[in-house]
file target_13.txt (compact mmCIF, C-alpha atoms and all ligand atoms)
# COMPACT_ATOMS: atom_id res chain seq x y z
CA MET A 423 -2.65 -10.79 18.23
CA THR A 424 -5.25 -8.08 17.91
CA SER A 425 -4.46 -4.42 17.69
CA SER A 426 -6.48 -1.78 19.42
CA TYR A 427 -5.65 0.83 16.82
CA GLU A 428 -9.21 1.79 16.09
CA ASP A 429 -12.67 0.39 16.34
CA GLY A 430 -14.11 -0.84 13.12
CA PRO A 431 -14.27 -3.93 10.99
CA HIS A 432 -10.48 -3.77 10.65
CA MET A 433 -8.78 -5.41 13.58
CA THR A 434 -6.51 -7.99 12.11
CA MET A 435 -2.96 -7.17 13.08
CA GLN A 436 -0.91 -10.31 12.41
CA PRO A 437 2.04 -11.39 14.57
CA TRP A 438 4.40 -11.47 11.56
CA PHE A 439 4.16 -7.70 11.26
CA ASN A 440 5.63 -6.81 14.64
CA ASP A 441 8.24 -9.56 14.39
CA ALA A 442 9.50 -8.39 10.98
CA LYS A 443 10.84 -4.99 12.17
CA LEU A 444 12.07 -3.90 8.74
CA GLY A 445 10.17 -3.48 5.48
CA ILE A 446 11.34 -2.02 2.16
CA PHE A 447 9.07 0.56 0.51
CA VAL A 448 9.50 0.53 -3.28
CA HIS A 449 8.27 3.53 -5.26
CA TYR A 450 8.52 2.34 -8.83
CA GLY A 451 6.63 3.92 -11.67
CA ILE A 452 6.85 5.94 -14.87
CA TYR A 453 8.18 8.96 -12.92
CA SER A 454 11.52 7.14 -12.75
CA VAL A 455 12.00 7.75 -16.49
CA GLU A 456 12.65 11.47 -16.07
CA GLY A 457 13.54 11.14 -12.39
CA VAL A 458 10.78 13.52 -11.27
CA PRO A 459 8.76 13.35 -8.03
CA GLU A 460 6.28 10.48 -8.13
CA SER A 461 2.88 11.83 -9.24
CA TRP A 462 3.49 15.18 -7.49
CA SER A 463 5.33 16.62 -10.49
CA LEU A 464 1.99 16.27 -12.27
CA PHE A 465 0.00 17.82 -9.44
CA ASP A 466 2.42 20.72 -8.99
CA GLY A 467 2.59 21.44 -12.70
CA VAL A 468 6.35 20.94 -12.60
CA MET A 469 5.71 18.90 -15.68
CA PRO A 470 2.89 19.39 -18.18
CA HIS A 471 0.43 16.51 -18.16
CA GLU A 472 1.35 15.39 -21.64
CA GLN A 473 5.07 15.28 -20.88
CA TYR A 474 4.48 13.37 -17.64
CA MET A 475 2.40 10.77 -19.44
CA ARG A 476 4.93 10.45 -22.27
CA GLN A 477 7.20 8.78 -19.74
CA LEU A 478 5.03 5.72 -20.36
CA ASP A 479 6.68 5.35 -23.76
CA ARG A 480 10.12 4.97 -22.21
CA PHE A 481 9.22 2.89 -19.20
CA THR A 482 10.97 -0.30 -20.25
CA ALA A 483 11.61 -2.18 -17.00
CA SER A 484 14.27 -3.80 -19.21
CA ALA A 485 16.40 -4.99 -16.28
CA PHE A 486 13.52 -5.52 -13.85
CA ASP A 487 14.35 -8.62 -11.85
CA ALA A 488 12.03 -9.11 -8.91
CA ALA A 489 14.16 -11.99 -7.61
CA ALA A 490 17.16 -9.64 -7.43
CA TRP A 491 15.04 -7.16 -5.43
CA ALA A 492 14.00 -9.95 -3.10
CA ARG A 493 17.62 -11.03 -2.55
CA LEU A 494 18.66 -7.45 -1.83
CA PHE A 495 15.77 -6.88 0.58
CA ALA A 496 16.56 -10.14 2.37
CA ARG A 497 20.22 -9.05 2.67
CA ALA A 498 18.95 -5.79 4.15
CA GLY A 499 17.31 -7.85 6.89
CA ALA A 500 13.76 -7.03 5.79
CA GLY A 501 10.79 -9.28 6.51
CA TYR A 502 8.44 -7.59 4.03
CA ALA A 503 8.27 -5.19 1.13
CA VAL A 504 5.65 -2.77 -0.13
CA LEU A 505 5.44 -1.91 -3.84
CA THR A 506 3.49 1.01 -5.34
CA ALA A 507 0.93 -1.02 -7.28
CA ARG A 508 -0.72 2.25 -8.20
CA HIS A 509 0.36 5.75 -7.09
CA HIS A 510 -1.67 9.00 -7.33
CA ASP A 511 -0.86 9.26 -11.05
CA GLY A 512 -3.17 6.32 -11.69
CA VAL A 513 -0.66 4.21 -13.61
CA ALA A 514 -1.12 0.61 -12.48
CA LEU A 515 1.84 -1.79 -12.45
CA TRP A 516 -0.43 -4.79 -12.96
CA ASP A 517 -2.70 -5.85 -15.74
CA THR A 518 -5.84 -4.31 -14.27
CA GLN A 519 -9.08 -4.99 -16.09
CA LEU A 520 -10.55 -1.76 -14.76
CA SER A 521 -8.41 0.69 -16.67
CA ASP A 522 -6.26 0.83 -19.70
CA LEU A 523 -3.75 2.94 -17.82
CA ASN A 524 -1.28 0.28 -16.83
CA VAL A 525 2.31 -0.49 -17.76
CA VAL A 526 1.39 -3.90 -19.16
CA ARG A 527 -0.68 -2.42 -21.97
CA ARG A 528 0.63 1.11 -22.30
CA SER A 529 4.42 0.91 -21.85
CA PRO A 530 7.23 -1.04 -23.50
CA ALA A 531 7.62 -2.90 -20.19
CA GLY A 532 4.61 -4.99 -21.26
CA ARG A 533 4.79 -7.15 -18.14
CA ASP A 534 2.72 -7.57 -15.02
CA LEU A 535 5.26 -6.21 -12.55
CA VAL A 536 3.07 -6.77 -9.50
CA ALA A 537 2.65 -10.44 -10.33
CA GLU A 538 6.41 -10.94 -10.74
CA TYR A 539 7.13 -8.95 -7.58
CA ALA A 540 4.62 -10.85 -5.46
CA SER A 541 5.86 -14.28 -6.42
CA ALA A 542 9.55 -13.35 -6.08
CA MET A 543 9.03 -11.92 -2.59
CA ARG A 544 7.12 -15.01 -1.51
CA ASP A 545 9.77 -17.31 -2.93
CA SER A 546 12.37 -15.52 -0.78
CA GLY A 547 10.23 -15.72 2.34
CA LEU A 548 9.32 -12.04 2.39
CA ARG A 549 5.80 -10.90 3.13
CA VAL A 550 4.10 -9.14 0.23
CA GLY A 551 2.83 -5.58 0.68
CA LEU A 552 1.08 -3.50 -1.96
CA TYR A 553 0.73 0.28 -1.87
CA TYR A 554 -2.49 1.60 -3.38
CA SER A 555 -3.58 5.23 -3.64
CA HIS A 556 -7.27 5.95 -3.10
CA SER A 557 -6.80 9.01 -5.30
CA ASP A 558 -6.18 8.80 -9.05
CA TRP A 559 -5.40 12.16 -10.63
CA ASN A 560 -5.73 10.71 -14.11
CA HIS A 561 -9.12 9.11 -13.81
CA PRO A 562 -11.84 10.99 -15.74
CA ASP A 563 -14.33 10.53 -12.87
CA TYR A 564 -11.98 11.48 -10.04
CA ALA A 565 -12.22 15.28 -9.84
CA SER A 566 -15.99 15.12 -9.46
CA VAL A 567 -16.72 15.95 -5.81
CA ARG A 568 -15.17 18.32 -3.28
CA HIS A 569 -13.96 17.43 0.21
CA PRO A 570 -16.41 19.08 2.63
CA ARG A 571 -13.63 20.07 5.10
CA PRO A 572 -10.24 19.40 3.53
CA PRO A 573 -7.57 18.94 6.22
CA HIS A 574 -4.98 20.38 3.81
CA PRO A 575 -6.82 22.87 1.56
CA GLU A 576 -3.71 23.53 -0.53
CA LEU A 577 -3.55 19.83 -1.39
CA VAL A 578 -7.01 19.69 -2.94
CA ALA A 579 -6.83 22.94 -4.92
CA SER A 580 -6.01 21.29 -8.21
CA PRO A 581 -8.12 20.49 -11.26
CA TYR A 582 -6.78 16.92 -10.94
CA VAL A 583 -8.42 16.66 -7.52
CA SER A 584 -11.48 18.92 -7.25
CA PRO A 585 -14.13 20.06 -9.75
CA SER A 586 -14.64 23.75 -10.33
CA PRO A 587 -17.54 25.16 -8.28
CA GLY A 588 -20.87 24.02 -9.65
CA ALA A 589 -19.36 21.22 -11.69
CA GLU A 590 -19.80 18.49 -9.05
CA ASP A 591 -21.00 15.17 -10.42
CA PRO A 592 -21.90 12.62 -7.73
CA ARG A 593 -22.70 9.95 -10.31
CA ALA A 594 -19.18 10.21 -11.71
CA TRP A 595 -17.89 9.91 -8.15
CA ASN A 596 -19.84 6.69 -7.63
CA ARG A 597 -18.30 5.31 -10.80
CA TYR A 598 -14.88 6.26 -9.46
CA LEU A 599 -15.52 4.40 -6.21
CA ASP A 600 -16.59 1.31 -8.11
CA TYR A 601 -13.30 1.50 -10.02
CA ARG A 602 -11.24 1.89 -6.83
CA ASP A 603 -13.10 -0.94 -5.07
CA GLY A 604 -12.68 -3.10 -8.16
CA GLN A 605 -8.94 -2.51 -8.24
CA VAL A 606 -8.61 -3.30 -4.54
CA ARG A 607 -10.54 -6.53 -5.17
CA GLU A 608 -8.21 -7.37 -8.05
CA LEU A 609 -5.16 -6.83 -5.87
CA LEU A 610 -6.59 -9.03 -3.14
CA THR A 611 -7.79 -11.87 -5.33
CA ARG A 612 -4.90 -11.96 -7.77
CA PHE A 613 -1.94 -11.36 -5.46
CA SER A 614 -3.18 -12.25 -1.94
CA PRO A 615 -1.06 -9.52 -0.34
CA ASP A 616 -0.10 -9.85 3.33
CA LEU A 617 -0.35 -6.07 3.63
CA LEU A 618 -2.26 -3.30 1.87
CA TRP A 619 -0.65 0.11 2.27
CA PHE A 620 -3.21 2.79 1.42
CA ASP A 621 -2.45 6.45 0.71
CA GLY A 622 -4.02 9.55 -0.83
CA GLU A 623 -6.89 9.54 1.69
CA TRP A 624 -6.63 13.27 2.56
CA GLU A 625 -8.50 14.37 -0.54
CA ARG A 626 -11.96 13.18 0.57
CA SER A 627 -13.82 12.49 3.81
CA ALA A 628 -14.25 8.95 5.17
CA ASP A 629 -17.90 9.02 4.08
CA GLN A 630 -17.04 10.17 0.57
CA TRP A 631 -14.51 7.37 0.31
CA ARG A 632 -17.06 4.84 1.61
CA MET A 633 -14.23 3.67 3.87
CA ALA A 634 -16.38 1.52 6.15
CA GLU A 635 -17.68 -0.42 3.15
CA LEU A 636 -14.20 -0.79 1.67
CA ALA A 637 -12.87 -2.04 5.00
CA GLN A 638 -15.67 -4.60 5.10
CA VAL A 639 -14.88 -5.78 1.57
CA ILE A 640 -11.25 -6.30 2.59
CA ARG A 641 -12.23 -8.11 5.77
CA ASP A 642 -14.57 -10.45 3.90
CA LEU A 643 -12.15 -11.22 1.09
CA ALA A 644 -8.88 -11.23 2.99
CA PRO A 645 -9.34 -11.40 6.75
CA GLU A 646 -5.59 -11.81 7.32
CA THR A 647 -4.41 -8.90 5.20
CA VAL A 648 -2.95 -6.19 7.41
CA CYS A 649 -3.90 -2.60 6.46
CA ASN A 650 -2.20 0.65 7.39
CA SER A 651 -4.13 3.50 8.97
CA ARG A 652 -4.78 5.47 5.80
CA LEU A 653 -8.25 3.98 5.69
CA LEU A 654 -9.55 6.81 7.89
CA GLY A 655 -10.58 4.94 10.99
CA HIS A 656 -10.28 1.36 9.79
CA GLY A 657 -6.59 0.52 9.65
CA ASP A 658 -4.50 -1.75 11.83
CA TYR A 659 -1.50 0.45 12.53
CA ALA A 660 -0.28 4.05 12.51
CA THR A 661 2.10 5.43 9.87
CA PRO A 662 4.35 8.27 11.06
CA GLU A 663 6.32 9.51 8.06
CA GLN A 664 9.79 11.02 7.58
CA GLY A 665 10.60 11.59 11.26
CA LEU A 666 10.79 9.53 14.42
CA PRO A 667 7.92 10.03 16.81
CA ILE A 668 9.14 11.47 20.12
CA SER A 669 7.05 9.09 22.15
CA ALA A 670 5.79 5.73 20.94
CA PRO A 671 2.32 5.76 19.37
CA GLU A 672 -0.13 3.79 21.49
CA SER A 673 -1.07 1.46 18.66
CA ASP A 674 1.09 -0.74 16.47
CA TRP A 675 3.07 1.49 14.14
CA GLU A 676 5.58 1.77 11.33
CA LEU A 677 7.83 4.70 10.44
CA CYS A 678 8.19 5.23 6.70
CA LEU A 679 11.41 6.91 5.70
CA THR A 680 13.30 7.71 2.51
CA VAL A 681 17.00 6.83 2.13
CA ASN A 682 17.64 10.22 0.49
CA ASP A 683 14.88 12.87 0.40
CA SER A 684 12.75 11.25 -2.30
CA TRP A 685 10.45 8.25 -2.56
CA GLY A 686 10.94 7.63 -6.25
CA TYR A 687 14.15 7.64 -8.31
CA ARG A 688 15.68 11.12 -8.43
CA PRO A 689 19.27 11.10 -9.65
CA HIS A 690 19.97 14.64 -8.44
CA ASP A 691 18.93 13.90 -4.89
CA VAL A 692 22.20 12.81 -3.32
CA ASN A 693 21.24 13.65 0.25
CA HIS A 694 21.52 10.04 1.33
CA LYS A 695 21.40 9.06 4.96
CA THR A 696 24.52 7.25 6.09
CA VAL A 697 24.39 3.62 7.18
CA GLY A 698 25.07 4.90 10.70
CA GLN A 699 21.99 7.14 10.53
CA LEU A 700 19.87 4.31 9.17
CA VAL A 701 21.01 2.06 12.03
CA ARG A 702 20.01 4.80 14.45
CA TYR A 703 16.58 5.27 12.87
CA PHE A 704 16.05 1.54 12.89
CA ALA A 705 17.20 0.97 16.47
CA GLN A 706 15.21 3.93 17.82
CA THR A 707 12.13 2.69 15.99
CA ILE A 708 12.24 -0.91 17.21
CA GLY A 709 13.22 0.29 20.69
CA MET A 710 9.83 2.04 20.79
CA GLY A 711 8.03 -1.03 19.45
CA GLY A 712 7.66 0.10 15.82
CA ASN A 713 8.73 -1.11 12.39
CA LEU A 714 10.85 0.80 9.91
CA LEU A 715 9.63 0.92 6.30
CA LEU A 716 12.64 2.13 4.36
CA GLY A 717 12.20 3.59 0.88
CA VAL A 718 14.01 2.70 -2.31
CA GLY A 719 13.40 4.26 -5.72
CA PRO A 720 14.45 1.96 -8.58
CA ARG A 721 15.53 3.39 -11.91
CA ALA A 722 13.25 3.10 -14.94
CA ASP A 723 14.98 -0.12 -15.97
CA GLY A 724 14.05 -1.63 -12.61
CA THR A 725 17.47 -1.69 -10.98
CA VAL A 726 18.01 -0.29 -7.50
CA PRO A 727 20.60 2.52 -7.57
CA PRO A 728 23.87 1.21 -6.09
CA GLU A 729 24.10 4.04 -3.54
CA GLN A 730 20.74 2.88 -2.12
CA ALA A 731 21.58 -0.83 -2.36
CA ARG A 732 24.84 -0.27 -0.45
CA ARG A 733 23.00 1.44 2.37
CA LEU A 734 20.42 -1.34 2.57
CA GLU A 735 23.22 -3.88 2.77
CA GLY A 736 25.00 -1.87 5.46
CA LEU A 737 21.86 -1.86 7.58
CA GLY A 738 21.49 -5.59 6.91
CA ASP A 739 25.00 -6.27 8.24
CA TRP A 740 24.12 -4.56 11.49
CA ILE A 741 20.80 -6.40 11.77
CA ARG A 742 22.39 -9.81 11.09
CA ARG A 743 25.01 -9.31 13.78
CA HIS A 744 22.33 -8.25 16.25
CA SER A 745 19.45 -10.42 15.08
CA GLU A 746 18.80 -11.73 18.60
CA ALA A 747 18.06 -8.18 19.79
CA VAL A 748 15.99 -7.35 16.72
CA HIS A 749 13.71 -10.12 15.52
CA ALA A 750 10.65 -10.87 17.58
CA SER A 751 11.83 -8.39 20.22
CA VAL A 752 9.48 -5.96 21.89
CA ALA A 753 9.91 -2.32 22.96
CA GLY A 754 12.63 -1.91 25.56
CA LEU A 755 13.13 0.59 28.37
CA PRO A 756 11.08 3.77 28.44
CA PRO A 757 13.15 6.98 28.21
CA GLY A 758 15.21 7.81 31.28
CA HIS A 759 16.65 4.39 32.15
CA HIS A 760 19.40 4.19 29.50
CA TYR A 761 20.92 6.83 27.25
CA GLY A 762 20.05 5.03 24.02
CA PRO A 763 17.32 2.75 22.73
CA SER A 764 16.85 -0.80 23.95
CA THR A 765 14.75 -3.84 23.16
CA LEU A 766 13.52 -6.76 25.19
CA ALA A 767 13.33 -10.48 24.36
CA PRO A 768 9.76 -11.74 23.96
CA ASP A 769 9.98 -13.54 27.34
CA ARG A 770 11.08 -10.19 28.86
CA ARG A 771 14.09 -11.86 30.52
CA THR A 772 16.86 -10.44 28.34
CA LEU A 773 17.31 -6.72 27.90
CA TYR A 774 19.34 -5.42 24.95
CA LEU A 775 20.98 -2.03 25.39
CA ILE A 776 21.96 -0.31 22.16
CA CYS A 777 25.00 1.97 22.47
CA PHE A 778 25.65 4.10 19.39
CA ASP A 779 28.88 5.81 20.32
CA PRO A 780 31.67 3.70 21.79
CA PRO A 781 30.94 3.73 25.52
CA SER A 782 33.85 4.95 27.60
CA GLU A 783 34.37 3.56 31.08
CA THR A 784 30.84 2.39 31.92
CA VAL A 785 27.26 2.09 30.74
CA CYS A 786 24.64 2.88 33.38
CA VAL A 787 21.11 1.53 33.70
CA ARG A 788 18.80 3.17 36.20
CA GLY A 789 15.65 1.83 37.81
CA LEU A 790 16.17 -1.85 36.98
CA ARG A 791 14.83 -3.95 39.85
CA ASN A 792 16.10 -7.31 38.58
CA ALA A 793 19.37 -8.90 39.52
CA VAL A 794 21.54 -9.23 36.41
CA ARG A 795 23.02 -12.69 35.84
CA ARG A 796 25.30 -11.93 32.93
CA VAL A 797 26.12 -9.13 30.53
CA THR A 798 27.62 -9.95 27.12
CA VAL A 799 28.47 -8.01 23.99
CA LEU A 800 26.18 -9.33 21.28
CA GLY A 801 28.07 -10.67 18.30
CA ALA A 802 31.38 -10.80 20.21
CA GLY A 803 30.18 -12.94 23.11
CA THR A 804 32.57 -11.29 25.59
CA GLU A 805 31.25 -11.06 29.12
CA LEU A 806 31.33 -7.68 30.87
CA ALA A 807 31.69 -7.05 34.59
CA HIS A 808 28.90 -5.13 36.27
CA ARG A 809 28.04 -3.86 39.72
CA ARG A 810 25.37 -1.89 41.43
CA THR A 811 25.67 1.27 43.48
CA GLY A 812 23.16 2.84 45.83
CA GLY A 813 19.66 1.54 46.35
CA LEU A 814 17.49 2.16 49.34
CA HIS A 815 14.21 0.51 50.31
CA ASP A 816 12.12 0.66 47.16
CA VAL A 817 14.80 2.33 44.99
CA PRO A 818 16.96 -0.25 43.19
CA GLY A 819 20.06 1.92 42.72
CA ASP A 820 22.10 2.08 39.55
CA LEU A 821 23.68 -0.68 37.49
CA TRP A 822 27.16 -0.01 36.09
CA ILE A 823 28.47 -2.14 33.25
CA ASP A 824 32.12 -2.00 32.20
CA ALA A 825 32.51 -0.58 28.71
CA PRO A 826 33.34 -3.19 26.04
CA ALA A 827 36.89 -3.37 24.70
CA PRO A 828 37.25 -1.47 21.40
CA SER A 829 37.85 -4.77 19.58
CA ASP A 830 34.40 -6.01 20.66
CA LEU A 831 32.53 -2.98 19.33
CA ALA A 832 30.34 -3.27 16.24
CA PRO A 833 30.32 -0.63 13.53
CA HIS A 834 27.49 1.90 13.99
CA GLY A 835 26.39 0.64 17.39
CA SER A 836 27.01 -2.18 19.84
CA VAL A 837 24.42 -4.14 21.75
CA LEU A 838 24.86 -5.32 25.34
CA ALA A 839 22.67 -8.28 26.32
CA LEU A 840 21.63 -8.34 29.97
CA GLU A 841 20.30 -11.66 31.27
CA LEU A 842 17.88 -10.86 34.05
CA ASP A 843 16.82 -13.09 36.94
CA GLY A 844 13.20 -12.95 35.79
CA GLU A 845 10.85 -10.82 33.75
CA MET A 846 12.01 -7.21 33.64
CA GLU A 847 10.72 -5.06 36.45
CA LEU A 848 11.31 -1.35 36.59
CA TYR A 849 11.29 1.33 39.21
CA THR A 850 9.93 4.54 37.70
CA GLY A 851 9.52 6.71 40.80
CA GLN A 852 11.10 9.94 41.95
CA GLY A 853 13.21 8.68 44.85
CA ARG A 854 12.79 9.62 48.46
CA GLY A 855 10.58 12.71 48.79
C1 LIG B 901 2.99 10.81 0.76
C2 LIG B 901 3.14 11.10 -0.72
C3 LIG B 901 3.53 9.95 -1.54
C4 LIG B 901 4.31 8.87 -0.89
C5 LIG B 901 3.86 8.64 0.51
C6 LIG B 901 4.65 7.62 1.26
O1 LIG B 901 1.71 10.46 1.11
O2 LIG B 901 1.97 11.61 -1.29
O3 LIG B 901 4.14 10.41 -2.71
O4 LIG B 901 4.05 7.75 -1.64
O5 LIG B 901 3.86 9.81 1.22
O6 LIG B 901 4.22 7.54 2.59

call {"tool": "encode", "arguments": {"input": "target_13.txt", "output": "structure tokens", "more": "lines below"}}
Ligand code: GLC
result
Amino acid sequence: MTSSYEDGPHMTMQPWFNDAKLGIFVHYGIYSVEGVPESWSLFDGVMPHEQYMRQLDRFTASAFDAAAWARLFARAGAGYAVLTARHHDGVALWDTQLSDLNVVRRSPAGRDLVAEYASAMRDSGLRVGLYYSHSDWNHPDYASVRHPRPPHPELVASPYVSPSPGAEDPRAWNRYLDYRDGQVRELLTRFSPDLLWFDGEWERSADQWRMAELAQVIRDLAPETVCNSRLLGHGDYATPEQGLPISAPESDWELCLTVNDSWGYRPHDVNHKTVGQLVRYFAQTIGMGGNLLLGVGPRADGTVPPEQARRLEGLGDWIRRHSEAVHASVAGLPPGHHYGPSTLAPDRRTLYLICFDPPSETVCVRGLRNAVRRVTVLGAGTELAHRRTGGLHDVPGDLWIDAPAPSDLAPHGSVLALELDGEMELYTGQGRG
């Protein structure tokens, strides 16, 4: 399958990505030691540089067990994970040869966490994603050129990002790019990731980043590695963040979302979404043809906080019960036909209506041209009676399905499976003029 996200050397969307539906986004790094915002506490000056970096000394990863992560993510129903191999603070989680700033050499963890993560995910059948920030606020050559037209001026006004006027040093910048390209090469050749999740691109222009060249390097080395859109014109799919799009992006896409309000571990952030809310985010996302990339922020010892693990497992319970409507499905009805989200089987002959609140009396579908052979409650198997009212000439009328019995309802949302007499056909007109 080829995406039409953008023109460029990067058109490699792989079928596994759209079939997976759920990924887990792990922000793990030295910021978990003090529980401060990942890298941003450095940028914002919330923490002096020296204090931020001293977290290295207490980053033990003493209970880091990548196989336990993989089991948890599989129980959550995820098909892939993405780990912050290197965030904006420049601290690599693998034994990079291009910088001393990595947890293998500079922290008591002393282990290549990316290597352990990648093999554990693979062993559990999960696809391996690696997050990598173009920017590195700790690299001596990074703050050497200025963005010609920064899209977010307030986000480049930092001595970690931009040189003071007159202090530009293009040769230092070229060295920086060689370092970034070298690290991307390392990630590709050492870990063969299925997905590279770039970030930090807003601090330079596409030309400054040499994005076209980087995209070509990735294509040549790893033609099957999927890349997100933060390659400024060369990615495979769009990345809305922290809020559902109102209408589906035209390309392949993935919503990234935190479980509480933070990406990394922050013990004081207890604003966790409920399992019910996560089910809604997930169902709305897949109903519009997207994936959900759900964040977790492990503690410094490597364990996932139980309040996050419980929520992942809750979502997993819902996904397992409704797997038929989830995995390998495609976007369902456009808005207006059903009051909630819906998905469609890949052969387009079964429509899955997702009903969040217990339906009372009936569930109505408008504009469905197909005859409906059977309606069942997914997971319970019970068949529901249905009938059609109205309909005139071209207008198919309305389908009314009897509400399921309370004992057949699933926690957080029930799914009604409609077997159609053929591939789904919709009426989307305005009725008789
Ligand atoms: C933002 C933040 C970063 C986080 C990312 C996840 O770009 O800079 O901290 O990793 O969002 O999408």

call {"tool": "residues_near_ligand", "arguments": {"input": "target_13.txt", "ligand": "ligand LIG 901 (chain B)", "cutoff": "8 Å", "atoms": "only C-alpha atoms and all ligand atoms", "output": "list in words"}}
result
His449, Pro459, Glu460, Ser461, Trp462, Thr506, His509, His510, Asp621, Gly622, Thr661, Glu663, Cys678, Leu679 and Trp685 of chain A

call {"tool": "residues_around", "arguments": {"input": "target_13.txt", "residues": "region 450-454 of chain A", "least_positions_apart": "3", "cutoff": "6 Å", "atoms": "all atoms listed in the file", "output": "number ranges by chain"}}
result
A: 457-458, 460, 477-478, 481, 687, 720-722

call {"tool": "axis_aligned_box", "arguments": {"input": "target_13.txt", "around": "region 749-763 of chain A", "padding_each_side": "3 Å", "output": "lines of an AutoDock Vina configuration file"}}
result
center_x = 15.2
center_y = -1.5
center_z = 23.8
size_x = 17.4
size_y = 24.7
size_z = 22.6

call {"tool": "residues_around", "arguments": {"input": "target_13.txt", "residues": "region 809-816 of chain A", "least_positions_apart": "3", "cutoff": "10 Å", "atoms": "all atoms listed in the file", "output": "list of chain:residue names"}}
result
A:Cys786, A:Val787, A:Arg788, A:Gly789, A:Arg791, A:Ala793, A:Val794, A:Gly819, A:Asp820, A:Leu821, A:Trp822, A:Ile823, A:Asp824, A:Tyr849, A:Gly851, A:Gly853, A:Arg854

call {"tool": "atom_distance", "arguments": {"input": "target_13.txt", "atom1": "CA of Ala594 (chain A)", "atom2": "CA of His569 (chain A)"}}
result
14.9 Å

call {"tool": "residues_around", "arguments": {"input": "target_13.txt", "residues": "Ala753 (chain A)", "least_positions_apart": "4", "cutoff": "7 Å", "atoms": "all atoms listed in the file", "output": "PyMOL selection string"}}
result
chain A and resi 708-711+765-766

call {"tool": "atom_distance", "arguments": {"input": "target_13.txt", "atom1": "CA of Thr784 (chain A)", "atom2": "CA of His760 (chain A)"}}
result
11.8 Å

call {"tool": "decode", "arguments": {"input": "target_13.txt", "residues": "region 799-831 of chain A", "atoms": "C-alpha atoms", "output": "compact mmCIF listing (two decimals), in the first residue's frame"}}
result
# COMPACT_ATOMS: atom_id res chain seq x y z
CA VAL A 799 -23.97 -7.56 19.43
CA LEU A 800 -20.25 -8.16 19.14
CA GLY A 801 -18.87 -10.20 22.00
CA ALA A 802 -22.34 -11.34 23.12
CA GLY A 803 -23.46 -12.82 19.80
CA THR A 804 -27.12 -11.94 20.41
CA GLU A 805 -29.08 -11.11 17.29
CA LEU A 806 -31.08 -7.88 17.20
CA ALA A 807 -34.28 -7.23 15.28
CA HIS A 808 -34.22 -4.40 12.78
CA ARG A 809 -36.58 -2.75 10.33
CA ARG A 810 -36.61 0.08 7.90
CA THR A 811 -38.94 3.05 7.72
CA GLY A 812 -39.49 5.48 4.89
CA GLY A 813 -37.53 5.46 1.67
CA LEU A 814 -38.62 6.92 -1.60
CA HIS A 815 -37.06 6.52 -5.04
CA ASP A 816 -33.38 7.21 -4.50
CA VAL A 817 -33.65 7.78 -0.72
CA PRO A 818 -33.12 4.53 1.22
CA GLY A 819 -35.04 5.51 4.37
CA ASP A 820 -33.88 4.82 7.90
CA LEU A 821 -32.76 1.59 9.54
CA TRP A 822 -33.93 0.99 13.12
CA ILE A 823 -32.16 -1.59 15.24
CA ASP A 824 -33.61 -2.73 18.56
CA ALA A 825 -31.41 -1.70 21.48
CA PRO A 826 -29.40 -4.56 23.01
CA ALA A 827 -30.50 -5.99 26.35
CA PRO A 828 -28.52 -4.48 29.25
CA SER A 829 -26.89 -7.88 29.89
CA ASP A 830 -25.39 -7.83 26.38
CA LEU A 831 -23.76 -4.42 26.75
